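Undergrad: This is the structure I want to talk about, given as structure tokens.
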Amino acid sequence: MKKYLLASVAGVAAMAMSGAAMAEIVIATAGPMTGQYASFGAQMKAGAEQAVADINAAGGVNGEMLVLEVGDDACDPKQAVAVANQMVGKNVAFMAGHFCSGSSIPASQVYAEEGIIQITPASTNPKYTDERPGPGTYRVCGRDDQQGKVAGTTLATEFGGKNIAVIHDKTAYGKGLADATKAVMNAAGKQEALYEAYTAGEKDYTALVSKLKSEKVDVLYVGGYHTEAGLMKRQMVDQGMDTILVSGDALVTDEYWSITGPAGEGTLMTFPPDPRNNEEAAAVVAALEAAGKTTEGYALYTYAAIQTWAAAAAEAGTTDYDAVVEKLNAGKFDTVLGELSFNEKGDVSLPGYVWYEWKDGSYGYR
């Protein structure tokens with residue numbers, strides 16, 4: 001298994017030339033920096049950059065300065081594996097990523113084989129940790145079976161008398177979330193009127209919307225991302241439908257409303273309690289806002305992933321894979337998300353999911 005030295009080759013050379021130079025530890029974040037889900041990449045990049053700046057301002061990790069690499073996987077599994085291999089070549093000690101479950105799962109194989117600790121801030125598919133390829137695979141976000149339990153229970157109870165359709169985009173995240181929600185809803189005695197897949201990336205969902213209209217669907221549960229969900233919601237309103245759109249954490253971006261406009265009013269989504277309200281996050285939120293960067297969605301989750309790894313490496317006194325994994329498994333860490341720890345699978349101890357509603361161009365607790 002590959003081990004990581006505290007100083008990079010470049011850092012050693014620099015110190016040889018100038019006794020005052022400090023060594024560097026290379027870490028990374030990776031996600032959809034371009035493409036239709038780039039708003040989430042922007043969240044991750046903002047959180048990662050702020051975390052590195054704050055840690056370096058406090059003296060770095062074990063006296064070493066952090067250097068951030070940013071990888072763009074566009075939420076494509078093959079591209080994610082390519083990014084993972086690129087990060088291996090750059091000798092990264094840690095990966096705060098990826099975003100999409102379909103990217104994190106195959107990339108985790110590379111990181112595990114190369115002895116790189118991975119903490120995803122956003123990948124919620126249970127398989128990521130249930131079938132993790134090594135002990136250095138973690139997440140600071142929740143799981144889709146937790147999210148599905150909240151969504152499925154509400155659909156069965158609050159909307160039990162309505163026609164409900166469940167659709168998904170065929171991705172690891174979208175299908176996983178839709179199936180988890182459907183299973184809980186069905187177990188509670190509510191059957192869906194329609195269950196089917198759609199193709200992500202399209203601009204016109206008129207045919208799907210017409211089918212939903214003919215089935216008299218009152219509530220549409222979407223396992224997928226904000227871009228497609230936003231188009232569906234807008235096109236349902238265009239066809240005179242007052243169907244309620246319900247979805248998960250991939251709607252946590254202001255870009256959803258940019259797509260829907262007023263048609264997005266009343267959309268429901270699940271997401272953990274907003275970390276921006278945490279006292280521990282106040283200074284970070286203020287710094288991001290002062291820099292004109294986003295604080296929403298997964299910005300603070302990415303910050304917390306780096307914060308947690310850095311604390312474990314400081315406790316271990318090294319960035320050595322096995323030593324840091326030992327600290328991550330045993331420790332409790334104070335982060336912008338609150339105090340967190342990991343279970344034997346690498347899942348986080350943080351609170352689960354609550355409901356949000358889109359109103360007047362923004363989302364807040366329902």
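Going through the structure tokens in order, the chains are called A, B, and so on, while each chain numbers its residues from 1 and the ligands are numbered from 1 in the order shown.
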Show which residues sit within 7 Å of Gly266 (chain A), as a list in words. Count only C-alpha atoms, and ignore same-chain residues fewer than 2 positions away.

TA: Ile244, Gly264, Leu268, Glu357, Trp358 and Lys359 of chain A

Undergrad: Can you list, as an MDAnalysis selection string, all residues belonging to region 35-143 of chain A that DSSP tags as alpha helix (DSSP H)?

TA: chainID A and resid 38:57 77:89 101:114 127:130

Undergrad: Quick one: everything within 9 Å of Glu192 (chain A), counting only C-alpha atoms, minus sequence neighbours fewer than 4 positions away in the same chain. Send it as a list in words.

TA: Asn163, Ile164, Ala165, Val166, Lys182, Met185 and Asn186 of chain A

Undergrad: Which residue, A:Asp144, A:Glu228, A:Glu114, A:Glu280, has the smallest gap to Asp169 (chain A) when you use only C-alpha atoms?

TA: A:Glu228

Undergrad: Using backbone DSSP assignments, extract all strand (DSSP E) residues from region 126-282 of chain A; output them as a list in words.

TA: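 After running DSSP on the backbone, region 126-282 of chain A has strand (DSSP E) at Thr137, Tyr138, Arg139, Ile164, Ala165, Val166, Ile167, His168, Leu194, Tyr195, Glu196, Ala197, Val219, Leu220, Tyr221, Val222, Gly223, Ile244, Leu245, Val246, Ser247, Leu268, Met269, Thr270 and Phe271 of chain A.
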
Undergrad: Rank A:Gly261, A:Val52, A:Ala151, A:Lys190 by their smallest atom-to-atom distance to Glu64 (chain A), using only C-alpha atoms, and report the top residue only.

TA: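 Closest candidate: A:Val52.
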
Undergrad: Can you work out which one of A:Ser123, A:Asn91, A:Thr267, A:Thr227 has the shortest atom-to-atom distance to Gln36 (chain A), counting only C-alpha atoms?

TA: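 Of the candidates, the smallest distance to Gln36 (chain A) is held by A:Thr227.
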
Undergrad: Quick one: residues within 9 Å of Leu300 (chain A), only C-alpha atoms counted, chain neighbours fewer than 5 positions away excluded, as JSON, numbers by chain?

TA: {"A": [43, 44, 46, 47, 48, 121, 275, 276, 281, 284, 285, 295, 305, 336, 337]}

Undergrad: Considering only C-alpha atoms, can you say which of A:Lys213, A:Ala51, A:Ile25, A:Gly223 comes closest to Ala304 (chain A)?

TA: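 Selected residue with least distance to Ala304 (chain A): A:Ala51.
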
Undergrad: Pick out the closest residue to Ala38 (chain A) from this set: A:Gly134, A:Leu194, A:Tyr225, A:Tyr303. Count only C-alpha atoms.

TA: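 Counting only C-alpha atoms, the residue closest to Ala38 (chain A) is A:Tyr225.
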
Undergrad: Point out the residue among A:Phe271, A:Tyr321, A:Tyr138, A:Tyr195 with the least atom-to-atom distance to Ala93 (chain A), counting only C-alpha atoms.

TA: A:Tyr321
